[in-house]
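Peer 1: Compact mmCIF, C-alpha atoms and all ligand atoms, file work17.txt:
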```
# COMPACT_ATOMS: atom_id res chain seq x y z
CA MET V 27 -77.64 -0.25 -31.96
CA THR V 28 -77.86 3.04 -30.09
CA GLU V 29 -75.33 5.79 -30.69
CA LEU V 30 -73.80 5.09 -27.25
CA THR V 31 -73.09 1.47 -28.16
CA THR V 32 -71.54 2.51 -31.45
CA GLN V 33 -69.24 5.02 -29.70
CA LYS V 34 -68.30 2.46 -27.04
CA ASP V 35 -67.45 -0.24 -29.58
CA ALA V 36 -65.36 2.25 -31.62
CA SER V 37 -63.45 3.25 -28.46
CA LEU V 38 -62.85 -0.39 -27.39
CA THR V 39 -61.54 -1.28 -30.87
CA ALA V 40 -59.18 1.74 -30.89
CA ILE V 41 -57.97 0.97 -27.35
CA ALA V 42 -57.21 -2.63 -28.35
CA ALA V 43 -55.29 -1.37 -31.38
CA ALA V 44 -53.20 1.22 -29.45
CA ASN V 45 -49.62 -0.02 -29.33
CA THR V 46 -47.98 2.86 -27.50
CA LEU V 47 -48.80 4.65 -24.25
CA ASP V 48 -49.22 7.89 -26.24
CA ALA V 49 -51.79 6.31 -28.60
CA LEU V 50 -53.68 4.96 -25.59
CA GLU V 51 -53.70 8.43 -23.99
CA VAL V 52 -55.33 9.85 -27.15
CA GLN V 53 -58.14 7.28 -26.77
CA ARG V 54 -58.57 8.05 -23.06
CA VAL V 55 -59.00 11.77 -23.79
CA ALA V 56 -61.42 11.04 -26.67
CA ALA V 57 -63.67 8.96 -24.38
CA LEU V 58 -63.21 10.13 -20.77
CA GLY V 59 -61.67 13.61 -21.23
CA LYS V 60 -63.69 16.80 -20.56
CA LYS V 61 -64.95 16.89 -24.14
CA GLY V 62 -64.94 13.12 -24.62
CA TRP V 63 -68.07 11.31 -25.69
CA VAL V 64 -68.68 9.81 -22.22
CA SER V 65 -68.58 13.24 -20.58
CA LEU V 66 -70.88 14.70 -23.25
CA ALA V 67 -73.34 11.78 -22.78
CA LEU V 68 -73.33 12.36 -19.01
CA LYS V 69 -74.19 16.04 -19.62
CA THR V 70 -77.34 15.06 -21.58
CA LEU V 71 -78.74 13.48 -18.40
CA GLY V 72 -79.39 17.00 -17.02
CA GLN V 73 -81.92 17.79 -19.72
CA MET V 74 -83.86 14.53 -19.28
CA SER V 75 -86.98 13.96 -17.23
CA PRO V 76 -86.50 11.81 -14.12
CA ASP V 77 -87.95 8.75 -15.84
CA GLU V 78 -85.81 9.13 -18.97
CA ARG V 79 -82.76 9.62 -16.74
CA LYS V 80 -83.49 6.38 -14.84
CA GLY V 81 -83.47 4.52 -18.13
CA ALA V 82 -80.39 6.21 -19.72
CA ALA V 83 -77.98 6.69 -16.77
CA PRO V 84 -77.07 3.01 -16.10
CA ALA V 85 -76.16 2.47 -19.77
CA ILE V 86 -73.85 5.52 -19.81
CA GLN V 87 -72.22 4.53 -16.47
CA SER V 88 -71.63 0.98 -17.62
CA ALA V 89 -70.15 2.19 -20.96
CA ARG V 90 -67.83 4.48 -18.98
CA ALA V 91 -66.77 1.63 -16.65
CA GLU V 92 -66.14 -0.71 -19.59
CA VAL V 93 -63.98 1.84 -21.45
CA ALA V 94 -62.03 2.82 -18.30
CA GLY V 95 -61.42 -0.89 -17.53
CA ALA V 96 -60.16 -1.51 -21.08
CA ILE V 97 -57.78 1.47 -20.82
CA ASN V 98 -56.33 0.22 -17.50
CA THR V 99 -55.80 -3.30 -18.80
CA LYS V 100 -54.13 -2.02 -21.96
CA LYS V 101 -51.92 0.34 -19.94
CA ALA V 102 -50.73 -2.54 -17.73
CA GLU V 103 -49.95 -4.55 -20.86
CA LEU V 104 -47.95 -1.71 -22.47
CA ASP V 105 -46.06 -1.03 -19.20
CA ALA V 106 -45.10 -4.70 -18.90
CA ALA V 107 -43.93 -4.78 -22.52
CA ALA V 108 -41.80 -1.64 -22.00
CA LEU V 109 -40.15 -3.18 -18.90
CA GLU V 110 -39.53 -6.42 -20.80
CA ALA V 111 -37.83 -4.48 -23.62
CA GLN V 112 -35.67 -2.53 -21.14
CA LEU V 113 -34.58 -5.72 -19.36
CA ALA V 114 -33.73 -7.36 -22.65
CA SER V 115 -31.59 -4.40 -23.75
CA GLU V 116 -29.71 -4.25 -20.41
CA ALA V 117 -29.06 -8.00 -20.09
CA ILE V 118 -25.50 -9.20 -19.24
CA ASP V 119 -24.17 -12.02 -21.39
CA LEU V 120 -23.04 -14.54 -18.81
CA THR V 121 -21.28 -16.62 -21.45
CA LEU V 122 -18.63 -13.87 -21.90
CA PRO V 123 -15.25 -14.65 -20.22
CA ALA V 124 -14.94 -13.28 -16.65
CA PRO V 125 -12.74 -10.15 -16.28
CA GLU V 126 -9.15 -11.13 -15.50
CA LEU V 127 -8.01 -10.86 -11.87
CA ALA V 128 -5.13 -8.46 -11.27
CA LYS V 129 -1.81 -10.31 -11.58
CA GLY V 130 1.42 -9.36 -9.84
CA SER V 131 2.43 -9.20 -6.22
CA VAL V 132 4.18 -6.98 -3.69
CA HIS V 133 7.95 -7.67 -3.59
CA PRO V 134 9.15 -8.97 -0.19
CA VAL V 135 11.49 -5.95 0.14
CA SER V 136 8.54 -3.55 -0.26
CA GLN V 137 6.51 -5.60 2.20
CA VAL V 138 9.36 -5.59 4.75
CA MET V 139 9.79 -1.81 4.32
CA ASP V 140 6.09 -1.37 5.19
CA GLU V 141 6.51 -3.69 8.19
CA LEU V 142 9.52 -1.68 9.39
CA ALA V 143 7.71 1.64 9.05
CA GLU V 144 4.74 0.26 10.98
CA ILE V 145 6.87 -0.96 13.90
CA PHE V 146 9.06 2.15 14.11
CA ALA V 147 6.07 4.48 13.78
CA ASP V 148 4.71 2.80 16.91
CA LEU V 149 8.03 3.62 18.66
CA GLY V 150 7.64 7.30 17.68
CA PHE V 151 9.96 7.41 14.62
CA ALA V 152 9.13 9.51 11.55
CA VAL V 153 10.18 8.37 8.04
CA ALA V 154 12.83 10.49 6.27
CA THR V 155 14.27 10.17 2.75
CA GLY V 156 17.31 11.36 0.81
CA PRO V 157 18.64 11.16 -2.76
CA GLU V 158 20.18 7.97 -4.19
CA ILE V 159 22.54 10.08 -6.33
CA GLU V 160 24.53 11.69 -3.56
CA ASP V 161 27.57 13.90 -3.25
CA ASP V 162 30.83 12.87 -1.69
CA TRP V 163 30.41 15.32 1.20
CA HIS V 164 27.12 13.86 2.51
CA ASN V 165 28.07 10.22 1.83
CA PHE V 166 31.58 10.38 3.32
CA THR V 167 33.08 13.68 4.53
CA ALA V 168 30.23 14.76 6.82
CA LEU V 169 30.24 11.22 8.23
CA ASN V 170 33.81 11.79 9.41
CA MET V 171 35.47 10.09 6.44
CA ASN V 172 37.73 12.63 4.78
CA GLU V 173 39.23 11.91 1.38
CA SER V 174 42.14 9.91 2.65
CA HIS V 175 40.12 7.90 5.16
CA PRO V 176 40.78 4.16 4.70
CA ALA V 177 37.12 3.30 5.52
CA ARG V 178 36.08 4.75 2.16
CA ALA V 179 37.78 1.84 0.43
CA MET V 180 35.45 -0.64 2.18
CA HIS V 181 32.42 0.85 0.44
CA ASP V 182 33.22 -0.24 -3.18
CA THR V 183 31.68 2.98 -4.45
CA PHE V 184 30.14 3.62 -7.91
CA TYR V 185 31.29 7.15 -8.88
CA PHE V 186 29.87 9.32 -11.66
CA PRO V 187 32.35 10.66 -14.22
CA ASP V 188 31.15 14.26 -13.79
CA ALA V 189 31.91 16.36 -10.72
CA ALA V 190 29.26 18.22 -8.65
CA ALA V 191 28.85 22.02 -8.90
CA ASP V 192 31.18 22.55 -5.93
CA GLY V 193 33.85 20.36 -7.54
CA GLY V 194 33.15 17.36 -5.28
CA LYS V 195 32.52 13.89 -6.65
CA MET V 196 28.99 12.55 -7.30
CA LEU V 197 28.23 8.92 -6.50
CA LEU V 198 25.49 6.36 -5.89
CA ARG V 199 25.06 6.46 -2.12
CA THR V 200 26.77 3.48 -0.49
CA HIS V 201 24.60 3.57 2.63
CA THR V 202 21.58 5.40 4.07
CA SER V 203 23.75 7.27 6.62
CA PRO V 204 23.89 10.51 4.52
CA VAL V 205 20.17 10.90 5.37
CA GLN V 206 21.30 11.39 9.01
CA ILE V 207 23.22 14.50 7.91
CA ARG V 208 20.44 15.83 5.67
CA SER V 209 17.77 15.31 8.34
CA MET V 210 19.77 16.94 11.14
CA LYS V 211 20.64 19.90 8.90
CA GLU V 212 16.96 20.33 8.04
CA GLN V 213 15.31 19.61 11.38
CA GLY V 214 18.01 20.09 14.01
CA ALA V 215 17.66 18.27 17.33
CA PRO V 216 15.93 16.52 19.04
CA ILE V 217 15.17 14.09 16.21
CA ARG V 218 13.89 10.53 15.88
CA ILE V 219 13.78 9.15 12.31
CA ILE V 220 14.14 6.06 10.18
CA ALA V 221 15.27 6.34 6.55
CA PRO V 222 14.67 3.27 4.38
CA GLY V 223 15.94 3.14 0.79
CA ARG V 224 18.19 1.77 -1.94
CA VAL V 225 21.97 1.82 -1.68
CA TYR V 226 24.69 0.68 -4.10
CA ARG V 227 28.05 -1.07 -3.83
CA SER V 228 30.15 -3.02 -6.29
CA ASP V 229 29.63 -6.33 -4.47
CA SER V 230 28.03 -9.71 -5.38
CA ASP V 231 27.55 -13.11 -3.69
CA ALA V 232 24.74 -15.01 -1.91
CA THR V 233 24.37 -12.32 0.77
CA HIS V 234 25.66 -9.27 -1.19
CA THR V 235 24.11 -7.58 -4.26
CA PRO V 236 25.27 -4.40 -6.06
CA MET V 237 21.97 -2.71 -5.21
CA PHE V 238 20.42 -3.47 -1.86
CA HIS V 239 18.29 -1.79 0.80
CA GLN V 240 19.10 -0.34 4.18
CA VAL V 241 17.11 1.38 6.86
CA GLU V 242 18.88 4.04 8.85
CA GLY V 243 17.76 4.90 12.36
CA LEU V 244 18.71 8.09 14.20
CA VAL V 245 17.76 9.28 17.67
CA ILE V 246 19.29 12.51 19.02
CA ASP V 247 18.26 14.07 22.30
CA LYS V 248 19.80 15.30 25.56
CA ASP V 249 20.06 12.04 27.51
CA ILE V 250 20.27 9.20 24.96
CA HIS V 251 22.73 6.37 25.76
CA LEU V 252 23.80 2.95 24.49
CA GLY V 253 21.09 1.24 26.58
CA HIS V 254 18.44 2.98 24.48
CA LEU V 255 20.08 1.63 21.31
CA LYS V 256 20.14 -1.95 22.62
CA TRP V 257 16.50 -1.74 23.79
CA THR V 258 15.37 -0.28 20.46
CA LEU V 259 17.08 -3.00 18.39
CA GLU V 260 15.78 -5.82 20.61
CA THR V 261 12.25 -4.42 20.67
CA PHE V 262 12.30 -3.98 16.90
CA PHE V 263 13.56 -7.50 16.15
CA LYS V 264 11.04 -9.15 18.50
CA ALA V 265 8.19 -7.24 16.84
CA PHE V 266 9.56 -7.85 13.33
CA PHE V 267 10.15 -11.59 13.67
CA GLU V 268 7.06 -11.94 15.90
CA ARG V 269 8.84 -14.11 18.46
CA GLU V 270 10.38 -13.57 21.87
CA ASP V 271 13.33 -16.00 21.55
CA ILE V 272 15.39 -13.78 19.22
CA VAL V 273 19.10 -14.05 20.10
CA LEU V 274 20.88 -10.82 19.26
CA ARG V 275 24.68 -10.65 19.38
CA LEU V 276 26.30 -7.23 19.77
CA ARG V 277 29.97 -7.03 18.73
CA PRO V 278 32.36 -4.11 19.22
CA SER V 279 33.15 -2.67 15.82
CA TYR V 280 34.36 0.44 14.06
CA PHE V 281 32.55 3.06 11.97
CA PRO V 282 34.10 6.53 11.58
CA PHE V 283 30.68 8.10 12.23
CA THR V 284 29.93 6.34 15.56
CA GLU V 285 31.87 6.03 18.79
CA PRO V 286 31.59 3.47 20.33
CA SER V 287 30.44 1.30 17.42
CA VAL V 288 28.53 -1.95 17.63
CA GLU V 289 27.67 -4.49 14.93
CA PHE V 290 24.70 -6.75 15.53
CA ASP V 291 23.99 -10.27 14.31
CA VAL V 292 20.99 -12.51 14.81
CA GLY V 293 21.11 -16.28 15.42
CA TYR V 294 19.48 -18.57 12.87
CA ALA V 295 19.28 -22.25 12.01
CA ASN V 296 19.42 -23.99 8.63
CA GLU V 297 16.30 -26.11 8.32
CA GLY V 298 16.45 -27.94 5.00
CA ASP V 299 17.08 -25.21 2.47
CA ARG V 300 15.48 -22.54 4.67
CA ARG V 301 17.00 -20.22 7.25
CA VAL V 302 14.92 -19.83 10.39
CA VAL V 303 15.56 -17.23 13.09
CA GLY V 304 16.35 -18.61 16.54
CA GLY V 305 19.24 -20.27 18.40
CA HIS V 306 22.77 -18.97 18.24
CA GLY V 307 26.16 -19.69 16.75
CA ASP V 308 27.45 -21.99 19.51
CA ASP V 309 24.95 -24.77 18.81
CA ALA V 310 25.32 -27.32 16.05
CA GLY V 311 23.37 -26.26 12.95
CA HIS V 312 23.07 -22.67 14.17
CA ASP V 313 24.83 -19.67 12.76
CA TRP V 314 24.89 -15.87 12.88
CA MET V 315 23.75 -13.46 10.16
CA GLU V 316 25.20 -9.94 10.26
CA LEU V 317 22.26 -7.56 10.05
CA GLY V 318 23.71 -4.12 10.62
CA GLY V 319 25.96 -1.60 12.26
CA SER V 320 25.23 0.98 14.94
CA GLY V 321 26.68 3.11 17.69
CA MET V 322 26.62 6.46 19.46
CA VAL V 323 26.80 9.24 16.87
CA ASN V 324 30.33 10.66 16.72
CA SER V 325 30.45 14.26 17.98
CA ARG V 326 32.29 15.26 14.76
CA VAL V 327 29.21 14.15 12.78
CA LEU V 328 26.92 16.25 14.98
CA GLU V 329 29.17 19.24 14.32
CA PHE V 330 29.13 18.66 10.54
CA ALA V 331 25.30 18.51 10.70
CA GLY V 332 25.01 21.71 12.75
CA VAL V 333 23.95 20.12 16.06
CA ASP V 334 25.75 21.16 19.26
CA PRO V 335 27.55 18.06 20.66
CA ASN V 336 27.81 19.69 24.09
CA GLU V 337 24.04 19.75 24.36
CA TYR V 338 22.93 16.72 22.33
CA GLN V 339 23.97 13.12 21.80
CA GLY V 340 22.31 10.04 20.37
CA PHE V 341 22.54 6.74 18.56
CA ALA V 342 22.28 5.62 14.93
CA PHE V 343 21.96 2.27 13.23
CA GLY V 344 21.98 0.97 9.67
CA LEU V 345 20.27 -2.31 8.95
CA GLY V 346 20.25 -4.50 5.80
CA ILE V 347 16.58 -4.80 4.80
CA ASP V 348 17.14 -7.56 2.24
CA ARG V 349 18.93 -9.68 4.85
CA ILE V 350 16.11 -9.44 7.40
CA ALA V 351 13.63 -10.29 4.61
CA MET V 352 15.71 -13.41 3.79
CA LEU V 353 15.60 -14.51 7.42
CA LYS V 354 11.93 -13.80 7.96
CA TYR V 355 10.61 -15.32 4.76
CA GLY V 356 13.17 -18.11 4.28
CA MET V 357 15.06 -17.24 1.08
CA ASN V 358 18.70 -18.31 0.99
CA ASP V 359 20.09 -16.36 -1.98
CA LEU V 360 19.85 -12.59 -2.07
CA ARG V 361 20.66 -12.36 -5.80
CA ALA V 362 17.30 -13.98 -6.72
CA PHE V 363 15.54 -10.93 -5.16
CA PHE V 364 16.49 -8.84 -8.17
CA ASP V 365 16.38 -11.35 -11.05
CA GLY V 366 12.78 -10.37 -11.86
CA ASP V 367 11.79 -14.06 -12.27
CA PRO V 368 7.96 -14.17 -12.21
CA ARG V 369 8.01 -17.66 -10.62
CA TRP V 370 10.06 -16.34 -7.68
CA LEU V 371 7.74 -13.33 -7.33
CA ALA V 372 4.63 -15.53 -7.52
CA HIS V 373 6.09 -17.72 -4.74
CA TYR V 374 7.54 -15.11 -2.39
CA GLY V 375 5.41 -12.05 -3.28
CA PHE V 376 2.57 -10.69 -1.17
CA SER V 377 -1.01 -9.84 -1.99
CA PRO V 378 -1.60 -6.07 -2.12
CA PHE V 379 -4.37 -6.70 0.42
CA ASP V 380 -1.83 -8.12 2.89
CA GLN V 381 -1.08 -4.74 4.47
CA PRO V 382 1.15 -5.02 7.55
CA THR V 383 -0.45 -3.45 10.61
CA LEU V 384 0.43 -3.90 14.26
CA SER V 385 -3.11 -4.94 15.12
CA ALA V 386 -3.44 -7.50 12.30
CA GLY V 387 0.20 -8.66 12.50
CA VAL V 388 3.29 -7.36 10.71
CA GLY V 389 3.90 -10.68 9.02
CA SER V 390 0.69 -12.54 8.41
CA ARG V 391 2.62 -15.25 6.58
CA ALA V 392 5.64 -15.39 8.85
CA SER V 393 5.56 -19.20 8.45
CA GLY V 394 7.79 -18.56 5.46
CA GLY V 395 6.86 -16.78 2.24
CA GLY V 396 4.85 -18.30 -0.56
CA ALA V 397 1.77 -16.70 -2.07
C1 LIG J 1 26.91 0.67 6.99
O1 LIG J 1 26.52 0.77 5.83
C2 LIG J 1 26.73 1.74 7.99
N1 LIG J 1 26.25 2.93 7.34
C3 LIG J 1 25.75 1.27 9.08
C4 LIG J 1 25.68 2.17 10.26
C5 LIG J 1 24.73 3.16 10.32
C6 LIG J 1 26.59 2.05 11.31
C7 LIG J 1 24.65 4.02 11.41
C8 LIG J 1 26.53 2.88 12.40
C9 LIG J 1 25.55 3.86 12.46
P1 LIG J 1 27.71 -1.80 6.68
O2 LIG J 1 28.60 -1.56 5.53
O3 LIG J 1 28.18 -2.82 7.66
O4 LIG J 1 27.42 -0.46 7.51
O5 LIG J 1 26.28 -2.26 6.13
C10 LIG J 1 25.17 -2.39 7.01
C11 LIG J 1 24.37 -3.61 6.64
O6 LIG J 1 23.95 -3.57 5.27
C12 LIG J 1 25.14 -4.91 6.74
O7 LIG J 1 25.18 -5.37 8.06
C13 LIG J 1 24.33 -5.82 5.86
O8 LIG J 1 23.16 -6.29 6.55
C14 LIG J 1 23.88 -4.90 4.78
N2 LIG J 1 24.73 -5.01 3.58
C15 LIG J 1 25.97 -4.50 3.40
N3 LIG J 1 26.41 -4.76 2.15
C16 LIG J 1 25.44 -5.45 1.52
C17 LIG J 1 25.25 -5.98 0.21
N4 LIG J 1 26.18 -5.85 -0.76
N5 LIG J 1 24.10 -6.66 -0.07
C18 LIG J 1 23.13 -6.77 0.88
N6 LIG J 1 23.23 -6.28 2.12
C19 LIG J 1 24.36 -5.62 2.45
```
Can the structure from this file be put into structure tokens for me?
Peer 2:
Amino acid sequence: MTELTTQKDASLTAIAAANTLDALEVQRVAALGKKGWVSLALKTLGQMSPDERKGAAPAIQSARAEVAGAINTKKAELDAAALEAQLASEAIDLTLPAPELAKGSVHPVSQVMDELAEIFADLGFAVATGPEIEDDWHNFTALNMNESHPARAMHDTFYFPDAAADGGKMLLRTHTSPVQIRSMKEQGAPIRIIAPGRVYRSDSDATHTPMFHQVEGLVIDKDIHLGHLKWTLETFFKAFFEREDIVLRLRPSYFPFTEPSVEFDVGYANEGDRRVVGGHGDDAGHDWMELGGSGMVNSRVLEFAGVDPNEYQGFAFGLGIDRIAMLKYGMNDLRAFFDGDPRWLAHYGFSPFDQPTLSAGVGSRASGGGA
């Protein structure tokens, strides 16, 4: 065996034994590197005579090709093994239980509040808010109900035992109307807002709960009249119930903070144990549900809120949100809204993905609740 063959066999054995890419690199340098035995053997060709060179060159070239081929094959093997090991360490165990889907649903009142905001935003209303713990002045006095006013008695108010800093009483607001005062004081006129939120009264039966929700509407400008109020309510109810055959009944009424005052009811029918909007109280099986109060804002209220009644006038309304939710989604007892029964919520709640938008529909399941 020539020296070349011995070196080649030693290299091939070491390459076969290399079990890391680093060990293989050491063998590559030892054979094919600048000072490797293949390179040194190639250099000897220069000192040979042409005949000797003819005999020696092919053997050196073929030894070089054989070693280079062995290195490439081994490298491919080690690369594949490294990938295999990586895949094994990153594998997902498909026998593990799937992650749990989010439970819970959006309460119909929250859903209806989003629907309301969407419709009124399209009519150019901004959303305003006010505190639920309110003072007597904003809840009553500034709304033209002084301390001896008999209308105060109708509100079944929850009072706090402690008085406010100015000596006035503190209470849980009985309606969203104090937000009218706060908004006008802050922004002046003209103004166009809705104010949805919680209100409280000591009251309980199938259509009354001690905590419920109202949305206040207020439009003040130079030439606003009762026709605008009627159009706004009709347009809102048609969009909200997503039908044209809504029958709205306007009744003369009395609120100290509006003059004239109008209460509005909507016609509905009892179908089985569900209430469905449509028809009106004169027909058999049809009835009216009182939804809210409204009217032209009393000039005394404008004065209390710092708006000049000689320059501005407008309308306001206050609407029971829970009641319109009952009618739209077919519940017949308001008290169940706040029992926190998970079966009720699973049935009447909404998916968080069911966002009301005017383009997609403000009540994608208007056929009557049920998740
Ligand atoms: C008011 O609260 C007035 N602030 C509404 C208003 C605003 C009039 C602006 C004029 C201008 P009322 O007490 O009628 O009015 O209540 C309004 C609506 O709230 C009712 O029509 C009804 O839909 C709803 N509501 C009243 N009490 C309850 C209750 N205990 N539970 C559920 N909904 C109720």
Peer 1: For ligand LIG 1 (chain J), return the neighbouring residues as a PDB file with C-alpha atoms, in the frame of the given file (distance at most 9 Å; all atoms listed in the file).
Peer 2:
```pdb
ATOM      1  CA  MET V 180      35.450  -0.640   2.180  1.00  0.00           C
ATOM      2  CA  HIS V 181      32.420   0.850   0.440  1.00  0.00           C
ATOM      3  CA  THR V 200      26.770   3.480  -0.490  1.00  0.00           C
ATOM      4  CA  HIS V 201      24.600   3.570   2.630  1.00  0.00           C
ATOM      5  CA  THR V 202      21.580   5.400   4.070  1.00  0.00           C
ATOM      6  CA  SER V 203      23.750   7.270   6.620  1.00  0.00           C
ATOM      7  CA  PRO V 204      23.890  10.510   4.520  1.00  0.00           C
ATOM      8  CA  GLN V 206      21.300  11.390   9.010  1.00  0.00           C
ATOM      9  CA  VAL V 225      21.970   1.820  -1.680  1.00  0.00           C
ATOM     10  CA  TYR V 226      24.690   0.680  -4.100  1.00  0.00           C
ATOM     11  CA  ARG V 227      28.050  -1.070  -3.830  1.00  0.00           C
ATOM     12  CA  SER V 228      30.150  -3.020  -6.290  1.00  0.00           C
ATOM     13  CA  ASP V 229      29.630  -6.330  -4.470  1.00  0.00           C
ATOM     14  CA  SER V 230      28.030  -9.710  -5.380  1.00  0.00           C
ATOM     15  CA  ASP V 231      27.550 -13.110  -3.690  1.00  0.00           C
ATOM     16  CA  ALA V 232      24.740 -15.010  -1.910  1.00  0.00           C
ATOM     17  CA  THR V 233      24.370 -12.320   0.770  1.00  0.00           C
ATOM     18  CA  HIS V 234      25.660  -9.270  -1.190  1.00  0.00           C
ATOM     19  CA  THR V 235      24.110  -7.580  -4.260  1.00  0.00           C
ATOM     20  CA  PRO V 236      25.270  -4.400  -6.060  1.00  0.00           C
ATOM     21  CA  MET V 237      21.970  -2.710  -5.210  1.00  0.00           C
ATOM     22  CA  PHE V 238      20.420  -3.470  -1.860  1.00  0.00           C
ATOM     23  CA  HIS V 239      18.290  -1.790   0.800  1.00  0.00           C
ATOM     24  CA  GLN V 240      19.100  -0.340   4.180  1.00  0.00           C
ATOM     25  CA  VAL V 241      17.110   1.380   6.860  1.00  0.00           C
ATOM     26  CA  GLU V 242      18.880   4.040   8.850  1.00  0.00           C
ATOM     27  CA  GLY V 243      17.760   4.900  12.360  1.00  0.00           C
ATOM     28  CA  LEU V 244      18.710   8.090  14.200  1.00  0.00           C
ATOM     29  CA  TYR V 280      34.360   0.440  14.060  1.00  0.00           C
ATOM     30  CA  PHE V 281      32.550   3.060  11.970  1.00  0.00           C
ATOM     31  CA  PRO V 282      34.100   6.530  11.580  1.00  0.00           C
ATOM     32  CA  PHE V 283      30.680   8.100  12.230  1.00  0.00           C
ATOM     33  CA  THR V 284      29.930   6.340  15.560  1.00  0.00           C
ATOM     34  CA  GLU V 285      31.870   6.030  18.790  1.00  0.00           C
ATOM     35  CA  SER V 287      30.440   1.300  17.420  1.00  0.00           C
ATOM     36  CA  VAL V 288      28.530  -1.950  17.630  1.00  0.00           C
ATOM     37  CA  GLU V 289      27.670  -4.490  14.930  1.00  0.00           C
ATOM     38  CA  PHE V 290      24.700  -6.750  15.530  1.00  0.00           C
ATOM     39  CA  ASP V 291      23.990 -10.270  14.310  1.00  0.00           C
ATOM     40  CA  MET V 315      23.750 -13.460  10.160  1.00  0.00           C
ATOM     41  CA  GLU V 316      25.200  -9.940  10.260  1.00  0.00           C
ATOM     42  CA  LEU V 317      22.260  -7.560  10.050  1.00  0.00           C
ATOM     43  CA  GLY V 318      23.710  -4.120  10.620  1.00  0.00           C
ATOM     44  CA  GLY V 319      25.960  -1.600  12.260  1.00  0.00           C
ATOM     45  CA  SER V 320      25.230   0.980  14.940  1.00  0.00           C
ATOM     46  CA  GLY V 321      26.680   3.110  17.690  1.00  0.00           C
ATOM     47  CA  MET V 322      26.620   6.460  19.460  1.00  0.00           C
ATOM     48  CA  VAL V 323      26.800   9.240  16.870  1.00  0.00           C
ATOM     49  CA  PHE V 341      22.540   6.740  18.560  1.00  0.00           C
ATOM     50  CA  ALA V 342      22.280   5.620  14.930  1.00  0.00           C
ATOM     51  CA  PHE V 343      21.960   2.270  13.230  1.00  0.00           C
ATOM     52  CA  GLY V 344      21.980   0.970   9.670  1.00  0.00           C
ATOM     53  CA  LEU V 345      20.270  -2.310   8.950  1.00  0.00           C
ATOM     54  CA  GLY V 346      20.250  -4.500   5.800  1.00  0.00           C
ATOM     55  CA  ILE V 347      16.580  -4.800   4.800  1.00  0.00           C
ATOM     56  CA  ASP V 348      17.140  -7.560   2.240  1.00  0.00           C
ATOM     57  CA  ARG V 349      18.930  -9.680   4.850  1.00  0.00           C
ATOM     58  CA  ILE V 350      16.110  -9.440   7.400  1.00  0.00           C
ATOM     59  CA  LEU V 360      19.850 -12.590  -2.070  1.00  0.00           C
ATOM     60  CA  ARG V 361      20.660 -12.360  -5.800  1.00  0.00           C
TER      61      ARG V 361
END
```
Peer 1: May I ask which of the residues V:Lys34, V:Arg218, V:Lys354, V:Arg90 is the closest one to V:Gly340, counting all atoms listed in the file?
Peer 2: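 Answer, going by the shortest atom-to-atom distance: V:Arg218.
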Peer 1: Show which residues sit within 6 Å of stretch 135-152 of chain V, as an MDAnalysis selection string. Count all atoms listed in the file, and ignore same-chain residues fewer than 4 positions away.
Peer 2: chainID V and resid 218:219 382 388
Peer 1: For V:Ala215, list every protein, DNA or RNA residue within 8 Å, evaluated using all atoms listed in the file, and leave out those in the same chain fewer than 5 positions away; present the list as a list in words.
Peer 2: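 These residues fall inside the cut-off: Met210, Ile246, Asp247, Val333 and Tyr338 of chain V.
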Peer 1: Point out the residue among V:Glu51, V:Glu337, V:Glu110, V:Asp162 with the least atom-to-atom distance to V:Ala190, counting all atoms listed in the file.
Peer 2: V:Asp162
